$ cat start-v8.txt   # compact mmCIF, C-alpha atoms
# COMPACT_ATOMS: atom_id res chain seq x y z
CA MET B 15 -22.72 -1.13 -5.97
CA LYS B 16 -20.22 -1.88 -8.70
CA ILE B 17 -16.87 -0.09 -8.93
CA LYS B 18 -13.82 -0.36 -11.16
CA VAL B 19 -10.47 -0.96 -9.46
CA SER B 20 -7.12 -0.55 -11.26
CA LEU B 21 -3.72 -1.65 -9.94
CA ILE B 22 -0.61 0.01 -11.33
CA GLN B 23 2.04 -2.70 -11.59
CA ASP B 24 4.92 -0.55 -12.75
CA SER B 25 8.22 0.96 -11.65
CA PRO B 26 9.02 4.36 -10.17
CA ILE B 27 11.79 6.65 -11.31
CA PHE B 28 14.06 5.54 -8.53
CA PHE B 29 15.25 8.18 -6.02
CA ASP B 30 13.45 10.91 -8.00
CA LYS B 31 10.18 11.94 -6.38
CA ASP B 32 9.29 14.60 -8.95
CA ALA B 33 9.80 12.33 -11.96
CA THR B 34 7.92 9.52 -10.21
CA ILE B 35 4.94 11.76 -9.46
CA ALA B 36 4.93 12.90 -13.09
CA LYS B 37 4.80 9.24 -14.15
CA MET B 38 2.03 8.58 -11.65
CA GLU B 39 0.03 11.46 -13.07
CA ARG B 40 0.28 10.04 -16.59
CA LEU B 41 -0.79 6.57 -15.42
CA ILE B 42 -3.67 7.92 -13.33
CA ILE B 43 -5.05 10.06 -16.14
CA GLU B 44 -4.77 7.13 -18.56
CA ASN B 45 -6.95 5.11 -16.14
CA LYS B 46 -9.36 7.83 -15.08
CA ASP B 47 -12.33 5.62 -15.90
CA SER B 48 -11.47 3.78 -12.66
CA ASP B 49 -13.11 4.51 -9.31
CA LEU B 50 -10.06 3.38 -7.32
CA ILE B 51 -6.42 3.41 -8.46
CA VAL B 52 -3.74 1.69 -6.35
CA PHE B 53 0.07 1.90 -6.50
CA PRO B 54 2.60 -0.47 -4.83
CA GLU B 55 4.59 -0.21 -1.60
CA SER B 56 7.02 2.73 -1.39
CA PHE B 57 6.37 3.72 -5.00
CA ILE B 58 7.73 7.13 -4.06
CA PRO B 59 10.75 7.19 -4.23
CA GLY B 60 11.07 3.43 -4.78
CA TYR B 61 11.47 0.29 -2.70
CA PRO B 62 15.28 0.06 -2.23
CA ARG B 63 15.63 -3.65 -2.93
CA GLY B 64 19.21 -4.87 -2.73
CA PHE B 65 20.50 -1.83 -0.81
CA SER B 66 22.39 -2.22 2.47
CA PHE B 67 22.92 1.51 3.08
CA GLY B 68 26.48 0.57 4.03
CA SER B 69 25.37 -1.15 7.22
CA VAL B 70 26.37 -4.27 9.08
CA ILE B 71 25.83 -5.01 12.74
CA GLY B 72 28.08 -2.66 14.67
CA SER B 73 28.95 -0.15 11.93
CA ARG B 74 27.61 2.12 9.17
CA SER B 75 29.64 3.62 6.34
CA ASP B 76 29.76 7.26 5.26
CA GLU B 77 28.73 6.17 1.75
CA GLY B 78 25.67 4.43 3.17
CA ARG B 79 24.70 7.52 5.14
CA GLU B 80 24.99 9.59 1.97
CA ILE B 81 22.65 7.24 0.10
CA PHE B 82 20.20 7.37 3.00
CA ALA B 83 20.29 11.17 2.89
CA ARG B 84 19.35 11.06 -0.82
CA TYR B 85 16.54 8.62 -0.06
CA HIS B 86 15.31 10.89 2.72
CA LYS B 87 15.43 13.94 0.44
CA ASN B 88 13.25 12.19 -2.15
CA SER B 89 10.68 11.01 0.38
CA ILE B 90 7.57 13.15 0.91
CA ALA B 91 5.57 14.51 3.85
CA ALA B 92 1.82 14.54 4.37
CA ASP B 93 1.67 18.33 4.16
CA SER B 94 4.13 18.68 1.26
CA ASP B 95 3.67 20.27 -2.14
CA GLU B 96 4.08 16.78 -3.61
CA MET B 97 1.08 15.50 -1.65
CA LYS B 98 -0.95 18.52 -2.76
CA LYS B 99 0.00 17.66 -6.33
CA LEU B 100 -1.25 14.09 -5.90
CA ILE B 101 -4.51 15.36 -4.41
CA SER B 102 -4.94 17.57 -7.47
CA ILE B 103 -4.29 14.59 -9.78
CA SER B 104 -6.93 12.55 -7.93
CA GLN B 105 -9.40 15.39 -8.42
CA LYS B 106 -8.54 15.68 -12.11
CA ALA B 107 -9.11 11.95 -12.65
CA ASN B 108 -12.16 11.87 -10.34
CA ALA B 109 -10.76 8.68 -8.81
CA TYR B 110 -9.80 7.56 -5.33
CA LEU B 111 -6.04 7.12 -5.07
CA VAL B 112 -4.15 4.83 -2.67
CA PHE B 113 -0.39 4.65 -2.98
CA GLY B 114 2.64 3.45 -1.08
CA PHE B 115 5.34 6.00 -0.29
CA THR B 116 8.26 6.57 2.01
CA GLU B 117 7.15 9.34 4.33
CA LYS B 118 9.17 11.87 6.24
CA LYS B 119 7.16 13.41 9.07
CA ASN B 120 9.49 16.40 8.98
CA ASP B 121 12.72 17.32 7.23
CA ASN B 122 14.88 16.06 10.09
CA GLY B 123 12.93 13.06 11.33
CA SER B 124 12.68 9.33 10.79
CA LEU B 125 11.18 7.77 7.69
CA TYR B 126 8.09 5.57 7.58
CA CYS B 127 6.80 3.08 5.02
CA SER B 128 3.36 4.56 4.49
CA MET B 129 0.15 4.29 2.47
CA ALA B 130 -1.90 7.42 1.63
CA TYR B 131 -5.65 7.44 1.00
CA ILE B 132 -6.86 10.29 -1.22
CA SER B 133 -10.45 11.13 -2.13
CA PRO B 134 -11.20 13.04 -5.35
CA THR B 135 -13.70 15.20 -3.46
CA HIS B 136 -12.25 15.43 0.06
CA GLY B 137 -8.48 15.30 -0.42
CA LEU B 138 -6.15 13.39 1.86
CA LEU B 139 -8.29 11.18 4.08
CA GLY B 140 -5.36 9.89 6.09
CA ILE B 141 -2.21 7.76 6.19
CA HIS B 142 -1.38 4.26 7.35
CA ARG B 143 2.22 3.84 8.51
CA LYS B 144 3.70 0.36 8.66
CA ILE B 145 3.66 -0.86 12.25
CA LYS B 146 6.40 -3.46 11.70
CA PRO B 147 9.05 -3.11 8.98
CA THR B 148 10.45 -6.51 8.05
CA GLY B 149 14.09 -7.61 8.42
CA THR B 150 16.57 -4.96 7.36
CA GLU B 151 13.72 -2.61 6.39
CA ARG B 152 13.99 -1.69 10.07
CA LEU B 153 17.24 0.05 9.18
CA ILE B 154 15.49 2.78 7.18
CA TRP B 155 11.86 2.79 8.39
CA ALA B 156 10.59 3.50 11.90
CA GLU B 157 7.65 1.67 13.49
CA ALA B 158 4.22 3.30 13.80
CA ASN B 159 1.68 2.67 16.56
CA GLY B 160 -2.02 1.90 16.80
CA GLU B 161 -3.16 5.31 15.57
CA SER B 162 -1.86 4.22 12.16
CA LEU B 163 -4.47 1.46 11.79
CA VAL B 164 -6.87 3.67 9.87
CA THR B 165 -10.10 2.96 7.97
CA PHE B 166 -12.30 5.28 5.90
CA ASP B 167 -16.00 5.11 5.08
CA THR B 168 -16.20 6.49 1.54
CA LYS B 169 -18.58 6.65 -1.39
CA ILE B 170 -17.00 3.51 -2.85
CA GLY B 171 -16.98 1.49 0.37
CA ILE B 172 -14.97 1.16 3.59
CA LEU B 173 -11.26 1.38 2.77
CA GLY B 174 -8.45 -0.04 4.90
CA GLY B 175 -5.47 -2.33 4.67
CA LEU B 176 -1.92 -3.18 5.62
CA ILE B 177 1.46 -3.02 3.90
CA CYS B 178 3.38 -6.11 2.79
CA TRP B 179 4.25 -8.48 5.65
CA GLU B 180 2.02 -6.67 8.13
CA ASN B 181 -0.56 -8.82 6.39
CA TYR B 182 0.98 -11.86 8.09
CA MET B 183 0.10 -10.39 11.53
CA PRO B 184 -3.24 -11.97 12.58
CA LEU B 185 -4.15 -9.29 15.12
CA ALA B 186 -3.31 -6.50 12.69
CA ARG B 187 -5.64 -8.08 10.13
CA LEU B 188 -8.33 -8.39 12.78
CA SER B 189 -8.03 -4.66 13.44
CA MET B 190 -9.22 -4.12 9.87
CA TYR B 191 -11.99 -6.72 10.01
CA LYS B 192 -13.38 -5.18 13.21
CA LYS B 193 -13.87 -1.91 11.34
CA GLY B 194 -15.90 -3.64 8.63
CA VAL B 195 -13.33 -3.08 5.88
CA GLN B 196 -14.75 -3.81 2.42
CA LEU B 197 -11.81 -2.87 0.19
CA TYR B 198 -8.70 -4.28 1.88
CA ILE B 199 -5.66 -2.76 0.18
CA ALA B 200 -2.28 -4.49 0.41
CA PRO B 201 0.59 -2.74 -1.38
CA THR B 202 3.64 -4.99 -1.25
CA ALA B 203 7.13 -5.85 -2.41
CA ASP B 204 6.44 -9.60 -2.21
CA SER B 205 6.00 -11.36 -5.56
CA ARG B 206 6.09 -15.00 -4.49
CA PRO B 207 3.20 -17.35 -5.33
CA GLU B 208 2.72 -17.78 -1.59
CA TRP B 209 1.76 -14.10 -1.41
CA THR B 210 -1.20 -14.73 -3.70
CA ASN B 211 -2.26 -17.56 -1.42
CA ALA B 212 -2.08 -15.20 1.56
CA MET B 213 -4.26 -12.66 -0.27
CA GLN B 214 -6.86 -15.37 -0.89
CA HIS B 215 -6.80 -16.36 2.77
CA ILE B 216 -7.30 -12.74 3.90
CA ALA B 217 -10.25 -12.32 1.53
CA LEU B 218 -11.86 -15.47 2.91
CA GLU B 219 -11.04 -14.61 6.50
CA GLY B 220 -12.15 -10.99 6.29
CA ARG B 221 -14.99 -11.47 3.78
CA CYS B 222 -13.74 -8.46 1.86
CA PHE B 223 -12.23 -7.67 -1.51
CA VAL B 224 -8.43 -7.85 -1.30
CA ILE B 225 -6.36 -5.65 -3.58
CA GLY B 226 -2.70 -6.68 -3.69
CA CYS B 227 -0.46 -4.35 -5.69
CA ASN B 228 3.25 -4.86 -6.41
CA GLN B 229 5.91 -3.26 -8.59
CA TYR B 230 7.52 -4.65 -11.69
CA PHE B 231 11.19 -3.71 -11.37
CA THR B 232 14.46 -4.83 -12.94
CA LYS B 233 18.04 -4.18 -11.93
CA SER B 234 18.61 -2.17 -15.11
CA MET B 235 16.03 0.37 -13.94
CA TYR B 236 18.34 1.56 -11.16
CA PRO B 237 20.37 4.66 -12.08
CA GLU B 238 23.93 3.96 -13.21
CA GLU B 239 25.40 5.29 -9.98
CA TYR B 240 23.71 2.45 -8.03
CA GLN B 241 24.47 -0.42 -10.38
CA ASP B 242 27.55 -1.50 -8.45
CA ILE B 243 25.46 -1.84 -5.26
CA VAL B 244 23.12 -4.36 -6.89
CA LYS B 245 25.60 -6.08 -9.21
CA ASP B 246 25.06 -9.46 -7.55
CA GLN B 247 21.26 -9.26 -7.79
CA GLN B 248 19.28 -11.03 -10.50
CA GLU B 249 18.04 -8.84 -13.36
CA GLU B 250 14.33 -9.23 -12.61
CA MET B 251 14.33 -8.03 -9.04
CA CYS B 252 10.56 -7.82 -8.57
CA PRO B 253 8.42 -9.63 -11.16
CA GLY B 254 5.03 -8.27 -10.04
CA GLY B 255 2.14 -10.51 -9.04
CA SER B 256 -0.55 -7.87 -8.46
CA THR B 257 -4.00 -9.39 -8.02
CA ILE B 258 -7.61 -8.77 -6.98
CA ILE B 259 -9.44 -11.36 -4.85
CA SER B 260 -13.17 -11.67 -4.12
CA PRO B 261 -14.62 -12.08 -0.60
CA TYR B 262 -15.18 -15.72 -1.55
CA GLY B 263 -11.40 -16.13 -1.91
CA LYS B 264 -11.67 -16.42 -5.67
CA VAL B 265 -9.11 -14.75 -7.93
CA ILE B 266 -10.91 -12.08 -9.97
CA ALA B 267 -7.83 -10.59 -11.61
CA PRO B 268 -5.07 -13.23 -11.85
CA PRO B 269 -1.55 -12.17 -10.81
CA VAL B 270 0.60 -10.92 -13.68
CA PHE B 271 4.34 -11.62 -13.68
CA GLY B 272 7.27 -10.52 -15.79
CA LYS B 273 6.03 -7.16 -17.09
CA SER B 274 4.51 -3.81 -16.26
CA GLU B 275 0.74 -4.03 -16.43
CA ILE B 276 -2.48 -2.31 -15.43
CA ILE B 277 -4.60 -4.92 -13.65
CA SER B 278 -8.27 -3.91 -13.58
CA ALA B 279 -11.58 -5.43 -12.55
CA VAL B 280 -15.14 -4.35 -11.94
CA ILE B 281 -16.25 -5.58 -8.53
CA ASP B 282 -19.67 -5.72 -6.89
CA LEU B 283 -19.75 -4.74 -3.21
CA ASP B 284 -23.00 -6.68 -2.79
CA ASP B 285 -20.87 -9.82 -2.89
CA ILE B 286 -19.59 -8.91 0.58
CA ILE B 287 -23.09 -9.11 2.03
CA LYS B 288 -23.95 -12.29 0.15
CA CYS B 289 -20.94 -14.22 1.43
CA LYS B 290 -21.67 -13.27 5.06
CA LEU B 291 -24.52 -15.74 4.98
CA ASP B 292 -21.73 -18.29 5.40
CA PHE B 293 -19.18 -16.48 7.57
CA ASP B 294 -19.00 -13.05 9.19
CA PRO B 295 -15.71 -12.26 10.99
CA ASN B 296 -17.28 -9.17 12.56
CA GLY B 297 -20.61 -10.78 13.43
CA HIS B 298 -21.78 -14.31 14.11
CA TYR B 299 -18.24 -15.76 14.06
CA THR B 300 -16.68 -13.33 16.58
CA ARG B 301 -17.69 -15.24 19.76
CA ASP B 302 -17.27 -12.24 22.03
CA ASP B 303 -18.40 -14.45 24.93
CA ILE B 304 -15.07 -16.30 24.57
CA PHE B 305 -12.57 -13.82 23.08
CA ASN B 306 -11.53 -10.32 24.06
CA TYR B 307 -9.81 -8.04 21.57
CA SER B 308 -8.63 -4.45 21.76
CA VAL B 309 -6.18 -2.23 19.90
CA ASN B 310 -4.32 0.53 21.69
CA GLY B 311 -4.87 3.83 19.93
CA GLN B 312 -6.73 2.65 16.83
CA PRO B 313 -8.99 5.48 15.58
CA GLU B 314 -12.64 5.09 14.73
CA THR B 315 -13.48 4.74 11.05
CA GLN B 316 -13.49 8.22 9.55
CA LYS B 317 -16.54 9.37 7.63
CA GLU B 318 -15.38 10.86 4.37
CA LYS B 319 -17.80 13.79 4.48
CA ASN B 320 -16.78 14.94 7.94
CA ASP B 321 -13.35 13.83 9.08
CA CYS B 322 -11.03 14.04 6.11
CA ILE B 323 -7.78 15.99 6.06
CA ASN B 324 -8.02 18.81 3.53
$ encode --input "start-v8.txt" --output "structure tokens"
Amino acid sequence: MKIKVSLIQDSPIFFDKDATIAKMERLIIENKDSDLIVFPESFIPGYPRGFSFGSVIGSRSDEGREIFARYHKNSIAADSDEMKKLISISQKANAYLVFGFTEKKNDNGSLYCSMAYISPTHGLLGIHRKIKPTGTERLIWAEANGESLVTFDTKIGILGGLICWENYMPLARLSMYKKGVQLYIAPTADSRPEWTNAMQHIALEGRCFVIGCNQYFTKSMYPEEYQDIVKDQQEEMCPGGSTIISPYGKVIAPPVFGKSEIISAVIDLDDIIKCKLDFDPNGHYTRDDIFNYSVNGQPETQKEKNDCIN
């Protein structure tokens, strides 16, 4: 089966969920010939690169708390009107939609760095929440548990994936391989060349297509009121690097740097079967007689036709 995948390497309207969703709608409709459309990590309401939220070890400032409150207000919940809007957009485009967003589980709770999976026919399939925020991300995002390691058996293949540096966690990757993931989706904020190398390794290791999607973002894109916070940052804060890798570890869509871009490719899922002649991480290379592996709380792969969230 051949499908078209499109990565949206672009910038959100920072700290403005409604304007960002409006931009997403335009970009999705412009690429509605795609079967799967992917957006970067925390696209809603933006990855807050360069922000300290007024915090150092031992103290937090009132100004930082105020900024966090604005960030919280512009984050979205799974059962929100904003999510319903995105489901409607997916239906209109007749495309699967996977996007990174900062999630609030309720109006008074913690935030999570999350990834939503939406089907054009069955709505919100489910959400992956980052199990380990990196560095000072831990200041604003809580940690999820094993129930967040979700996979979905859909009409375009088995979808799964991890966010940003979760992809450097070998056992987290294995949790995806064990579910037979075919389209491994990796929204990120990492634009280094080493990230592309990691995506190639995961494709080879998991014998799956790897879809790495990042933002293109400059300091000038921040609203004027936040310019002083990032004044010491370089102008090009996130140069992109979105890419699509084959299960052979070959780069299908080379990473693009220095501009907003739609990165697209037509991929053939039969390549996954072909390459397992050589190596199958969920079959003849598992050596279950030697190794034991389990994940606390990981759900079974959900069948799109039965187990989706409407």
$ residues_around --input "start-v8.txt" --residues "region 203-219 of chain B" --least-positions-apart "4" --cutoff "6 Å" --atoms "all atoms listed in the file" --output "PDB file with C-alpha atoms, in the coordinates of the input"
ATOM      1  CA  PHE B 223     -12.230  -7.670  -1.510  1.00  0.00           C
ATOM      2  CA  VAL B 224      -8.430  -7.850  -1.300  1.00  0.00           C
ATOM      3  CA  ASN B 228       3.250  -4.860  -6.410  1.00  0.00           C
ATOM      4  CA  GLY B 254       5.030  -8.270 -10.040  1.00  0.00           C
ATOM      5  CA  GLY B 255       2.140 -10.510  -9.040  1.00  0.00           C
ATOM      6  CA  PRO B 261     -14.620 -12.080  -0.600  1.00  0.00           C
ATOM      7  CA  TYR B 262     -15.180 -15.720  -1.550  1.00  0.00           C
ATOM      8  CA  GLY B 263     -11.400 -16.130  -1.910  1.00  0.00           C
TER       9      GLY B 263
END
$ closest_residue --input "start-v8.txt" --among "B:Asp49, B:Thr232, B:Lys18, B:Glu96" --to "Val244 (chain B)" --atoms "only C-alpha atoms"
B:Thr232
$ closest_residue --input "start-v8.txt" --among "B:Glu314, B:Glu151, B:Asp303, B:Asp285" --to "Val164 (chain B)" --atoms "only C-alpha atoms"
B:Glu314
$ closest_residue --input "start-v8.txt" --among "B:Gly78, B:Pro313, B:Gly60, B:Gly137" --to "Met97 (chain B)" --atoms "all atoms listed in the file"
B:Gly137
$ atom_distance --input "start-v8.txt" --atom1 "CA of Asn310 (chain B)" --atom2 "CA of Leu197 (chain B)"
23.0 Å
$ closest_residue --input "start-v8.txt" --among "B:Leu163, B:Met235, B:Ile199, B:Ile172" --to "Pro26 (chain B)" --atoms "all atoms listed in the file"
B:Met235
$ residues_near_point --input "start-v8.txt" --point "(22.1, -6.9, 15.2)" --cutoff "12 Å" --atoms "all atoms listed in the file" --output "ChimeraX atom specification"
/B:69-73,149-150,152-153
$ closest_residue --input "start-v8.txt" --among "B:Tyr110, B:Phe305, B:Tyr61, B:Phe28" --to "Asp47 (chain B)" --atoms "all atoms listed in the file"
B:Tyr110
$ residues_around --input "start-v8.txt" --residues "Ile277 (chain B)" --least-positions-apart "3" --cutoff "8 Å" --atoms "all atoms listed in the file" --output "NGL selection string"
:B and (20-23 or 256-257 or 267 or 270)
$ atom_distance --input "start-v8.txt" --atom1 "CA of Glu161 (chain B)" --atom2 "CA of Gln312 (chain B)"
4.6 Å
$ residues_near_point --input "start-v8.txt" --point "(2.7, 8.3, -12.4)" --cutoff "10 Å" --atoms "all atoms listed in the file" --output "tab-separated table (two decimals) with C-alpha atoms, in the frame of the given file"
chain	number	residue	atom	x	y	z
B	22	ILE	CA	-0.61	0.01	-11.33
B	24	ASP	CA	4.92	-0.55	-12.75
B	25	SER	CA	8.22	0.96	-11.65
B	26	PRO	CA	9.02	4.36	-10.17
B	27	ILE	CA	11.79	6.65	-11.31
B	32	ASP	CA	9.29	14.60	-8.95
B	33	ALA	CA	9.80	12.33	-11.96
B	34	THR	CA	7.92	9.52	-10.21
B	35	ILE	CA	4.94	11.76	-9.46
B	36	ALA	CA	4.93	12.90	-13.09
B	37	LYS	CA	4.80	9.24	-14.15
B	38	MET	CA	2.03	8.58	-11.65
B	39	GLU	CA	0.03	11.46	-13.07
B	40	ARG	CA	0.28	10.04	-16.59
B	41	LEU	CA	-0.79	6.57	-15.42
B	42	ILE	CA	-3.67	7.92	-13.33
B	43	ILE	CA	-5.05	10.06	-16.14
B	44	GLU	CA	-4.77	7.13	-18.56
B	53	PHE	CA	0.07	1.90	-6.50
B	57	PHE	CA	6.37	3.72	-5.00
B	58	ILE	CA	7.73	7.13	-4.06
B	100	LEU	CA	-1.25	14.09	-5.90
B	103	ILE	CA	-4.29	14.59	-9.78
$ atom_distance --input "start-v8.txt" --atom1 "CA of Ala91 (chain B)" --atom2 "CA of Lys119 (chain B)"
5.6 Å
$ residues_around --input "start-v8.txt" --residues "Met251 (chain B)" --least-positions-apart "3" --cutoff "9 Å" --atoms "all atoms listed in the file" --output "number ranges by chain"
B: 63-64, 230-233, 247-248
$ closest_residue --input "start-v8.txt" --among "B:Ile51, B:Ala107, B:Leu291, B:Ile243" --to "Gly68 (chain B)" --atoms "only C-alpha atoms"
B:Ile243
$ residues_around --input "start-v8.txt" --residues "Ser94 (chain B)" --least-positions-apart "2" --cutoff "12 Å" --atoms "only C-alpha atoms" --output "list in words"
Lys31, Asn88, Ser89, Ile90, Ala91, Ala92, Glu96, Met97, Lys98, Lys99, Leu100, Ile101, Glu117, Lys118, Lys119, Asn120, Asp121 and Leu138 of chain B
$ decode --input "start-v8.txt" --residues "region 183-259 of chain B" --atoms "C-alpha atoms" --output "mmCIF file, in the first residue's frame"
data_model
loop_
_atom_site.group_PDB
_atom_site.id
_atom_site.type_symbol
_atom_site.label_atom_id
_atom_site.label_comp_id
_atom_site.auth_asym_id
_atom_site.auth_seq_id
_atom_site.Cartn_x
_atom_site.Cartn_y
_atom_site.Cartn_z
ATOM 1 C CA MET B 183 15.282 5.953 25.376
ATOM 2 C CA PRO B 184 15.968 2.399 24.085
ATOM 3 C CA LEU B 185 13.200 0.730 26.098
ATOM 4 C CA ALA B 186 10.662 3.359 25.068
ATOM 5 C CA ARG B 187 11.526 2.701 21.424
ATOM 6 C CA LEU B 188 11.189 -1.025 22.016
ATOM 7 C CA SER B 189 7.682 -0.445 23.358
ATOM 8 C CA MET B 190 6.768 0.812 19.883
ATOM 9 C CA TYR B 191 8.563 -1.965 18.005
ATOM 10 C CA LYS B 192 6.803 -4.623 20.096
ATOM 11 C CA LYS B 193 3.467 -3.274 18.857
ATOM 12 C CA GLY B 194 4.544 -3.635 15.231
ATOM 13 C CA VAL B 195 4.607 0.103 14.523
ATOM 14 C CA GLN B 196 4.856 0.862 10.801
ATOM 15 C CA LEU B 197 4.658 4.666 10.794
ATOM 16 C CA TYR B 198 6.865 5.847 13.662
ATOM 17 C CA ILE B 199 6.138 9.533 14.237
ATOM 18 C CA ALA B 200 8.695 11.729 16.022
ATOM 19 C CA PRO B 201 7.706 15.379 16.466
ATOM 20 C CA THR B 202 10.666 17.259 17.894
ATOM 21 C CA ALA B 203 12.375 20.522 18.755
ATOM 22 C CA ASP B 204 15.825 19.121 17.892
ATOM 23 C CA SER B 205 17.325 20.381 14.622
ATOM 24 C CA ARG B 206 20.886 19.112 14.930
ATOM 25 C CA PRO B 207 22.391 16.870 12.232
ATOM 26 C CA GLU B 208 22.770 14.220 14.928
ATOM 27 C CA TRP B 209 18.975 14.087 15.162
ATOM 28 C CA THR B 210 18.758 12.964 11.541
ATOM 29 C CA ASN B 211 21.277 10.241 12.321
ATOM 30 C CA ALA B 212 19.111 9.111 15.239
ATOM 31 C CA MET B 213 16.055 8.956 12.976
ATOM 32 C CA GLN B 214 17.980 6.736 10.554
ATOM 33 C CA HIS B 215 19.045 4.448 13.388
ATOM 34 C CA ILE B 216 15.449 4.112 14.646
ATOM 35 C CA ALA B 217 14.215 3.258 11.143
ATOM 36 C CA LEU B 218 16.880 0.562 10.831
ATOM 37 C CA GLU B 219 16.351 -0.719 14.351
ATOM 38 C CA GLY B 220 12.557 -0.760 14.177
ATOM 39 C CA ARG B 221 12.227 -1.627 10.470
ATOM 40 C CA CYS B 222 9.593 1.065 10.123
ATOM 41 C CA PHE B 223 9.143 4.382 8.366
ATOM 42 C CA VAL B 224 10.300 7.217 10.628
ATOM 43 C CA ILE B 225 8.664 10.610 10.299
ATOM 44 C CA GLY B 226 10.599 13.356 12.088
ATOM 45 C CA CYS B 227 8.882 16.749 12.110
ATOM 46 C CA ASN B 228 10.312 19.986 13.511
ATOM 47 C CA GLN B 229 9.407 23.675 13.495
ATOM 48 C CA TYR B 230 11.088 26.474 11.646
ATOM 49 C CA PHE B 231 11.136 29.367 14.115
ATOM 50 C CA THR B 232 13.027 32.640 14.478
ATOM 51 C CA LYS B 233 13.353 35.004 17.405
ATOM 52 C CA SER B 234 11.480 37.697 15.484
ATOM 53 C CA MET B 235 8.387 35.481 15.428
ATOM 54 C CA TYR B 236 7.904 35.917 19.176
ATOM 55 C CA PRO B 237 5.415 38.661 20.095
ATOM 56 C CA GLU B 238 6.988 41.986 21.034
ATOM 57 C CA GLU B 239 6.162 41.524 24.712
ATOM 58 C CA TYR B 240 8.512 38.497 24.872
ATOM 59 C CA GLN B 241 11.427 39.903 22.892
ATOM 60 C CA ASP B 242 13.314 40.991 26.000
ATOM 61 C CA ILE B 243 13.177 37.416 27.360
ATOM 62 C CA VAL B 244 14.965 36.027 24.303
ATOM 63 C CA LYS B 245 17.210 38.999 23.513
ATOM 64 C CA ASP B 246 20.379 36.932 23.980
ATOM 65 C CA GLN B 247 19.191 34.123 21.701
ATOM 66 C CA GLN B 248 20.320 33.797 18.092
ATOM 67 C CA GLU B 249 17.822 34.917 15.445
ATOM 68 C CA GLU B 250 17.252 31.482 13.917
ATOM 69 C CA MET B 251 16.178 29.634 17.027
ATOM 70 C CA CYS B 252 15.011 26.433 15.337
ATOM 71 C CA PRO B 253 16.147 25.895 11.729
ATOM 72 C CA GLY B 254 13.982 22.836 10.971
ATOM 73 C CA GLY B 255 15.420 19.538 9.794
ATOM 74 C CA SER B 256 12.187 17.599 9.204
ATOM 75 C CA THR B 257 12.773 14.327 7.380
ATOM 76 C CA ILE B 258 11.270 10.999 6.315
ATOM 77 C CA ILE B 259 13.342 7.802 6.580
#
